[in-house]
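Asks: Quick one, start.csv (CSV, N, CA and C atoms):
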```
chain,number,residue,atom,x,y,z
E,1,MET,N,0.8,-1.2,0.0
E,1,MET,CA,0.0,0.0,0.0
E,1,MET,C,0.9,1.2,0.0
E,2,ASN,N,0.6,2.2,-0.9
E,2,ASN,CA,1.4,3.4,-1.1
E,2,ASN,C,0.5,4.6,-1.3
E,3,LEU,N,0.6,5.5,-0.4
E,3,LEU,CA,-0.1,6.8,-0.6
E,3,LEU,C,0.5,7.6,-1.7
E,4,ILE,N,-0.3,7.8,-2.8
E,4,ILE,CA,0.3,8.5,-4.0
E,4,ILE,C,-0.2,9.9,-4.1
E,5,TYR,N,-1.4,10.2,-3.5
E,5,TYR,CA,-1.9,11.6,-3.6
E,5,TYR,C,-2.8,11.9,-2.4
E,6,ASN,N,-2.6,13.1,-1.9
E,6,ASN,CA,-3.4,13.5,-0.7
E,6,ASN,C,-3.6,15.0,-0.8
E,7,SER,N,-4.9,15.4,-1.0
E,7,SER,CA,-5.2,16.8,-1.0
E,7,SER,C,-6.3,17.1,0.0
E,8,PRO,N,-6.8,18.3,0.2
E,8,PRO,CA,-7.9,18.5,1.1
E,8,PRO,C,-9.2,17.8,0.7
E,9,ASN,N,-9.3,17.4,-0.6
E,9,ASN,CA,-10.5,16.8,-1.1
E,9,ASN,C,-10.4,15.3,-1.4
E,10,TYR,N,-9.2,14.8,-1.8
E,10,TYR,CA,-9.1,13.4,-2.2
E,10,TYR,C,-7.8,12.8,-1.6
E,11,CYS,N,-7.9,11.5,-1.6
E,11,CYS,CA,-6.7,10.7,-1.2
E,11,CYS,C,-6.7,9.5,-2.1
E,12,VAL,N,-5.5,9.1,-2.6
E,12,VAL,CA,-5.4,8.0,-3.5
E,12,VAL,C,-4.3,7.1,-3.0
E,13,VAL,N,-4.6,5.8,-2.8
E,13,VAL,CA,-3.7,4.8,-2.4
E,13,VAL,C,-3.5,3.8,-3.5
E,14,GLU,N,-2.3,3.4,-3.7
E,14,GLU,CA,-2.0,2.3,-4.7
E,14,GLU,C,-1.7,1.1,-4.0
E,15,PHE,N,-2.2,0.0,-4.4
E,15,PHE,CA,-2.0,-1.4,-3.9
E,15,PHE,C,-1.2,-2.1,-4.9
E,16,ALA,N,-0.1,-2.7,-4.4
E,16,ALA,CA,0.8,-3.5,-5.3
E,16,ALA,C,0.1,-4.8,-5.7
E,17,ALA,N,0.6,-5.3,-6.8
E,17,ALA,CA,0.1,-6.6,-7.4
E,17,ALA,C,0.3,-7.7,-6.4
E,18,SER,N,-0.6,-8.6,-6.3
E,18,SER,CA,-0.5,-9.7,-5.4
E,18,SER,C,-1.2,-10.9,-6.1
E,19,GLY,N,-1.3,-12.0,-5.4
E,19,GLY,CA,-1.9,-13.2,-5.9
E,19,GLY,C,-3.4,-13.0,-6.3
E,20,ILE,N,-4.1,-12.1,-5.5
E,20,ILE,CA,-5.5,-11.8,-5.8
E,20,ILE,C,-5.6,-10.8,-6.9
E,21,ALA,N,-4.9,-9.7,-6.7
E,21,ALA,CA,-5.0,-8.6,-7.7
E,21,ALA,C,-3.8,-8.5,-8.5
E,22,GLN,N,-3.7,-9.3,-9.6
E,22,GLN,CA,-2.6,-9.4,-10.4
E,22,GLN,C,-1.9,-8.1,-10.9
E,23,ALA,N,-2.8,-7.1,-11.2
E,23,ALA,CA,-2.3,-5.8,-11.7
E,23,ALA,C,-2.3,-4.8,-10.5
E,24,GLY,N,-2.6,-5.2,-9.3
E,24,GLY,CA,-2.7,-4.2,-8.3
E,24,GLY,C,-4.0,-3.4,-8.4
E,25,GLY,N,-4.0,-2.2,-7.8
E,25,GLY,CA,-5.2,-1.4,-7.9
E,25,GLY,C,-5.0,-0.1,-7.1
E,26,PHE,N,-6.1,0.7,-7.2
E,26,PHE,CA,-6.1,2.0,-6.6
E,26,PHE,C,-7.4,2.2,-5.8
E,27,GLU,N,-7.2,2.8,-4.6
E,27,GLU,CA,-8.4,3.2,-3.8
E,27,GLU,C,-8.4,4.7,-3.9
E,28,ILE,N,-9.6,5.3,-4.4
E,28,ILE,CA,-9.7,6.7,-4.4
E,28,ILE,C,-10.8,7.1,-3.4
E,29,MET,N,-10.4,8.0,-2.5
E,29,MET,CA,-11.3,8.4,-1.4
E,29,MET,C,-11.7,9.9,-1.6
E,30,HIS,N,-13.0,10.2,-1.5
E,30,HIS,CA,-13.4,11.6,-1.5
E,30,HIS,C,-13.7,12.0,-0.1
E,31,LYS,N,-12.9,12.8,0.5
E,31,LYS,CA,-12.9,13.1,1.9
E,31,LYS,C,-14.2,13.8,2.3
E,32,HIS,N,-14.7,14.7,1.6
E,32,HIS,CA,-15.9,15.4,2.0
E,32,HIS,C,-17.2,14.6,1.9
E,33,ALA,N,-17.2,13.8,0.8
E,33,ALA,CA,-18.4,13.0,0.6
E,33,ALA,C,-18.3,11.7,1.4
E,34,LYS,N,-17.1,11.4,1.9
E,34,LYS,CA,-16.9,10.2,2.7
E,34,LYS,C,-17.3,8.9,2.0
E,35,ARG,N,-16.9,8.9,0.7
E,35,ARG,CA,-17.1,7.8,-0.2
E,35,ARG,C,-15.8,7.4,-0.8
E,36,GLU,N,-15.7,6.1,-1.3
E,36,GLU,CA,-14.5,5.6,-1.9
E,36,GLU,C,-14.8,4.6,-3.0
E,37,ILE,N,-13.8,4.3,-3.8
E,37,ILE,CA,-14.0,3.3,-4.8
E,37,ILE,C,-12.6,2.6,-4.9
E,38,PHE,N,-12.6,1.3,-5.2
E,38,PHE,CA,-11.4,0.6,-5.5
E,38,PHE,C,-11.4,0.2,-7.0
E,39,LEU,N,-10.3,0.6,-7.7
E,39,LEU,CA,-10.2,0.3,-9.1
E,39,LEU,C,-9.2,-0.8,-9.3
E,40,GLY,N,-9.6,-1.9,-9.9
E,40,GLY,CA,-8.7,-3.0,-10.1
E,40,GLY,C,-8.7,-3.4,-11.6
E,41,GLY,N,-7.9,-4.3,-12.0
E,41,GLY,CA,-7.9,-4.8,-13.4
E,41,GLY,C,-7.7,-3.7,-14.4
E,42,SER,N,-8.6,-3.8,-15.4
E,42,SER,CA,-8.5,-2.9,-16.6
E,42,SER,C,-8.8,-1.5,-16.1
E,43,LEU,N,-9.7,-1.3,-15.1
E,43,LEU,CA,-10.0,0.1,-14.6
E,43,LEU,C,-8.7,0.7,-14.0
E,44,ALA,N,-8.0,-0.1,-13.3
E,44,ALA,CA,-6.7,0.3,-12.6
E,44,ALA,C,-5.7,0.7,-13.7
E,45,GLU,N,-5.6,-0.1,-14.8
E,45,GLU,CA,-4.7,0.2,-15.8
E,45,GLU,C,-5.1,1.5,-16.6
E,46,GLY,N,-6.3,1.7,-16.8
E,46,GLY,CA,-6.8,2.9,-17.4
E,46,GLY,C,-6.5,4.1,-16.5
E,47,PHE,N,-6.7,4.0,-15.2
E,47,PHE,CA,-6.5,5.0,-14.3
E,47,PHE,C,-5.0,5.3,-14.3
E,48,ARG,N,-4.1,4.3,-14.3
E,48,ARG,CA,-2.7,4.5,-14.3
E,48,ARG,C,-2.2,5.3,-15.5
E,49,ARG,N,-2.8,5.0,-16.7
E,49,ARG,CA,-2.5,5.7,-17.9
E,49,ARG,C,-2.9,7.2,-17.8
E,50,GLY,N,-4.1,7.4,-17.3
E,50,GLY,CA,-4.6,8.7,-17.2
E,50,GLY,C,-3.8,9.6,-16.2
E,51,VAL,N,-3.4,9.0,-15.1
E,51,VAL,CA,-2.5,9.7,-14.2
E,51,VAL,C,-1.2,10.0,-14.8
E,52,ALA,N,-0.6,9.1,-15.5
E,52,ALA,CA,0.7,9.3,-16.2
E,52,ALA,C,0.6,10.5,-17.1
E,53,GLU,N,-0.5,10.5,-17.9
E,53,GLU,CA,-0.7,11.7,-18.8
E,53,GLU,C,-0.8,13.0,-18.1
E,54,LEU,N,-1.6,12.9,-17.0
E,54,LEU,CA,-1.8,14.1,-16.2
E,54,LEU,C,-0.5,14.6,-15.6
E,55,ILE,N,0.2,13.7,-15.0
E,55,ILE,CA,1.5,14.1,-14.4
E,55,ILE,C,2.5,14.7,-15.4
E,56,ALA,N,2.5,14.2,-16.6
E,56,ALA,CA,3.4,14.8,-17.6
E,56,ALA,C,3.1,16.2,-17.9
E,57,SER,N,1.9,16.7,-17.6
E,57,SER,CA,1.6,18.1,-17.8
E,57,SER,C,1.8,19.0,-16.6
E,58,GLU,N,2.4,18.4,-15.6
E,58,GLU,CA,2.7,19.1,-14.3
E,58,GLU,C,1.5,19.9,-13.8
E,59,PRO,N,0.5,19.1,-13.4
E,59,PRO,CA,-0.8,19.7,-13.0
E,59,PRO,C,-0.8,20.4,-11.6
E,60,THR,N,-1.7,21.3,-11.4
E,60,THR,CA,-1.9,21.9,-10.1
E,60,THR,C,-2.8,20.9,-9.3
E,61,ILE,N,-2.9,21.2,-8.0
E,61,ILE,CA,-3.7,20.4,-7.2
E,61,ILE,C,-5.2,20.4,-7.7
E,62,GLU,N,-5.6,21.6,-8.1
E,62,GLU,CA,-7.0,21.7,-8.6
E,62,GLU,C,-7.2,20.8,-9.8
E,63,GLN,N,-6.2,20.8,-10.7
E,63,GLN,CA,-6.3,19.9,-11.9
E,63,GLN,C,-6.4,18.4,-11.6
E,64,VAL,N,-5.6,18.0,-10.6
E,64,VAL,CA,-5.6,16.6,-10.2
E,64,VAL,C,-6.9,16.3,-9.5
E,65,ASP,N,-7.4,17.2,-8.7
E,65,ASP,CA,-8.7,17.0,-8.1
E,65,ASP,C,-9.9,16.9,-9.1
E,66,GLU,N,-9.7,17.8,-10.1
E,66,GLU,CA,-10.7,17.7,-11.2
E,66,GLU,C,-10.7,16.4,-11.9
E,67,PHE,N,-9.5,15.9,-12.2
E,67,PHE,CA,-9.4,14.5,-12.8
E,67,PHE,C,-10.0,13.5,-11.9
E,68,LEU,N,-9.7,13.5,-10.6
E,68,LEU,CA,-10.3,12.5,-9.7
E,68,LEU,C,-11.8,12.7,-9.6
E,69,SER,N,-12.3,13.9,-9.8
E,69,SER,CA,-13.8,14.1,-9.6
E,69,SER,C,-14.6,13.3,-10.7
E,70,ARG,N,-13.9,12.8,-11.7
E,70,ARG,CA,-14.6,12.0,-12.7
E,70,ARG,C,-15.1,10.7,-12.1
E,71,PHE,N,-14.5,10.3,-11.0
E,71,PHE,CA,-14.9,9.0,-10.4
E,71,PHE,C,-15.9,9.2,-9.3
E,72,ASP,N,-16.3,10.4,-9.0
E,72,ASP,CA,-17.3,10.7,-7.9
E,72,ASP,C,-18.6,9.9,-8.0
E,73,ALA,N,-19.1,9.9,-9.2
E,73,ALA,CA,-20.4,9.2,-9.4
E,73,ALA,C,-20.3,7.7,-9.1
E,74,LEU,N,-19.1,7.1,-9.3
E,74,LEU,CA,-18.9,5.7,-9.1
E,74,LEU,C,-18.7,5.3,-7.6
E,75,MET,N,-18.4,6.3,-6.8
E,75,MET,CA,-18.1,6.1,-5.4
E,75,MET,C,-19.3,5.8,-4.6
E,76,GLN,N,-19.6,4.5,-4.3
E,76,GLN,CA,-20.7,4.1,-3.6
E,76,GLN,C,-20.4,3.5,-2.2
E,77,GLN,N,-19.1,3.2,-2.0
E,77,GLN,CA,-18.7,2.6,-0.8
E,77,GLN,C,-18.4,3.7,0.3
E,78,PRO,N,-19.1,3.6,1.4
E,78,PRO,CA,-18.8,4.6,2.5
E,78,PRO,C,-17.4,4.4,3.0
E,79,MET,N,-16.7,5.4,3.3
E,79,MET,CA,-15.4,5.3,3.9
E,79,MET,C,-15.5,4.9,5.4
E,80,THR,N,-14.6,4.0,5.8
E,80,THR,CA,-14.6,3.5,7.1
E,80,THR,C,-13.1,3.6,7.6
E,81,SER,N,-12.9,3.7,8.9
E,81,SER,CA,-11.6,3.7,9.4
E,81,SER,C,-11.0,2.3,9.4
E,82,HIS,N,-9.7,2.2,9.1
E,82,HIS,CA,-9.1,0.9,9.1
E,82,HIS,C,-8.3,0.7,10.3
```
Translate the structure described by the file into structure tokens.

Replies:
Amino acid sequence: MNLIYNSPNYCVVEFAASGIAQAGGFEIMHKHAKREIFLGGSLAEGFRRGVAELIASEPTIEQVDEFLSRFDALMQQPMTSH
């Protein structure tokens, strides 16, 4: 588990590949909505490509948060403390 992004609005954690999740995955958390989503498989790969393109443009925090907001509608899981 590796924290790769943390802003006042979002937090993104990357999970390394394992026996269960061959390609690993990402957990995106919306702090204010208190919702999260886990992206694995092809969704994780698409997210990884999108993040790589975004990072290449040297984005601001606002631009990264805007990118992550694309996943807001998919976040159905309530956040819980681990």

Asks: Quote the spacing between atom N of Tyr5 in chain E and atom N of Glu36 in chain E in Å to one decimal place.

Replies: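 Separation of atom N of Tyr5 in chain E and atom N of Glu36 in chain E: 15.0 Å.
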
Asks: Given all atoms listed in the file, how would the per-residue table for range 8-47 of chain E near range 54-74 of chain E read, listing every residue at most 8 Å away with its closest atom pair and distance in Å to one decimal, sorted by chain and number, as a Markdown table?

Replies:
```
| residue | atom | partner | partner_atom | distance |
| --- | --- | --- | --- | --- |
| E:Asn9 | C | E:Asp65 | CA | 7.1 |
| E:Tyr10 | N | E:Asp65 | CA | 6.7 |
| E:Ile28 | CA | E:Leu68 | CA | 7.9 |
| E:His30 | CA | E:Asp72 | CA | 7.5 |
| E:Arg35 | C | E:Leu74 | C | 7.7 |
| E:Glu36 | C | E:Leu74 | C | 6.1 |
| E:Ile37 | CA | E:Leu74 | C | 5.8 |
| E:Phe38 | N | E:Leu74 | C | 7.7 |
```

Asks: Could you work out how far CA of Ser42 in chain E lies from CA of Cys11 in chain E, giving the answer in Å with one decimal?

Replies: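 CA of Cys11 in chain E sits 20.6 Å away from CA of Ser42 in chain E.
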
Asks: Quick one, how far is CA of Glu53 in chain E from atom C of Met75 in chain E?

Replies: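 According to the coordinates, CA of Glu53 in chain E and atom C of Met75 in chain E are separated by 24.1 Å.
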
Asks: Can you list, as an MDAnalysis selection string, all residues belonging to chain E that DSSP tags as strand (DSSP E or B)?

Replies: chainID E and resid 2:6 10:15 25:30 35:40 77:78

Asks: Taking the DSSP secondary structure from the backbone, can you list the residues of chain E that are helix (DSSP H, G or I), as a ChimeraX atom specification?

Replies: /E:41-56,61-74

Asks: Compile the contact shell of Gly24 in chain E as a PyMOL selection string: residues with an atom at most 6 Å away, counting all atoms listed in the file, same-chain residues fewer than 4 positions apart removed.

Replies: chain E and resi 15-18+39-41

Asks: Keeping N, CA and C atoms, export the residues of the selection given above as an mmCIF file, keeping the file's coordinate frame.

Replies:
```cif
data_model
loop_
_atom_site.group_PDB
_atom_site.id
_atom_site.type_symbol
_atom_site.label_atom_id
_atom_site.label_comp_id
_atom_site.auth_asym_id
_atom_site.auth_seq_id
_atom_site.Cartn_x
_atom_site.Cartn_y
_atom_site.Cartn_z
ATOM 1 N N PHE E 15 -2.200 0.000 -4.400
ATOM 2 C CA PHE E 15 -2.000 -1.400 -3.900
ATOM 3 C C PHE E 15 -1.200 -2.100 -4.900
ATOM 4 N N ALA E 16 -0.100 -2.700 -4.400
ATOM 5 C CA ALA E 16 0.800 -3.500 -5.300
ATOM 6 C C ALA E 16 0.100 -4.800 -5.700
ATOM 7 N N ALA E 17 0.600 -5.300 -6.800
ATOM 8 C CA ALA E 17 0.100 -6.600 -7.400
ATOM 9 C C ALA E 17 0.300 -7.700 -6.400
ATOM 10 N N SER E 18 -0.600 -8.600 -6.300
ATOM 11 C CA SER E 18 -0.500 -9.700 -5.400
ATOM 12 C C SER E 18 -1.200 -10.900 -6.100
ATOM 13 N N LEU E 39 -10.300 0.600 -7.700
ATOM 14 C CA LEU E 39 -10.200 0.300 -9.100
ATOM 15 C C LEU E 39 -9.200 -0.800 -9.300
ATOM 16 N N GLY E 40 -9.600 -1.900 -9.900
ATOM 17 C CA GLY E 40 -8.700 -3.000 -10.100
ATOM 18 C C GLY E 40 -8.700 -3.400 -11.600
ATOM 19 N N GLY E 41 -7.900 -4.300 -12.000
ATOM 20 C CA GLY E 41 -7.900 -4.800 -13.400
ATOM 21 C C GLY E 41 -7.700 -3.700 -14.400
#
```

Asks: May I ask which of the residues E:Met1, E:Phe26, E:Asn6, E:Lys31 is the closest one to Met79 in chain E, counting only C-alpha atoms?

Replies: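 Of the candidates, the smallest distance to Met79 in chain E is held by E:Lys31.
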
Asks: Residues near Lys34 in chain E, anyone? I mean within 7 Å using only N, CA and C atoms, not counting same-chain ones fewer than 6 positions away, as a PDB file with N, CA and C atoms, keeping the file's coordinate frame.

Replies:
```
ATOM      1  N   GLN E  77     -19.100   3.200  -2.000  1.00  0.00           N
ATOM      2  CA  GLN E  77     -18.700   2.600  -0.800  1.00  0.00           C
ATOM      3  C   GLN E  77     -18.400   3.700   0.300  1.00  0.00           C
ATOM      4  N   PRO E  78     -19.100   3.600   1.400  1.00  0.00           N
ATOM      5  CA  PRO E  78     -18.800   4.600   2.500  1.00  0.00           C
ATOM      6  C   PRO E  78     -17.400   4.400   3.000  1.00  0.00           C
ATOM      7  N   MET E  79     -16.700   5.400   3.300  1.00  0.00           N
ATOM      8  CA  MET E  79     -15.400   5.300   3.900  1.00  0.00           C
ATOM      9  C   MET E  79     -15.500   4.900   5.400  1.00  0.00           C
ATOM     10  N   THR E  80     -14.600   4.000   5.800  1.00  0.00           N
ATOM     11  CA  THR E  80     -14.600   3.500   7.100  1.00  0.00           C
ATOM     12  C   THR E  80     -13.100   3.600   7.600  1.00  0.00           C
TER      13      THR E  80
END
```
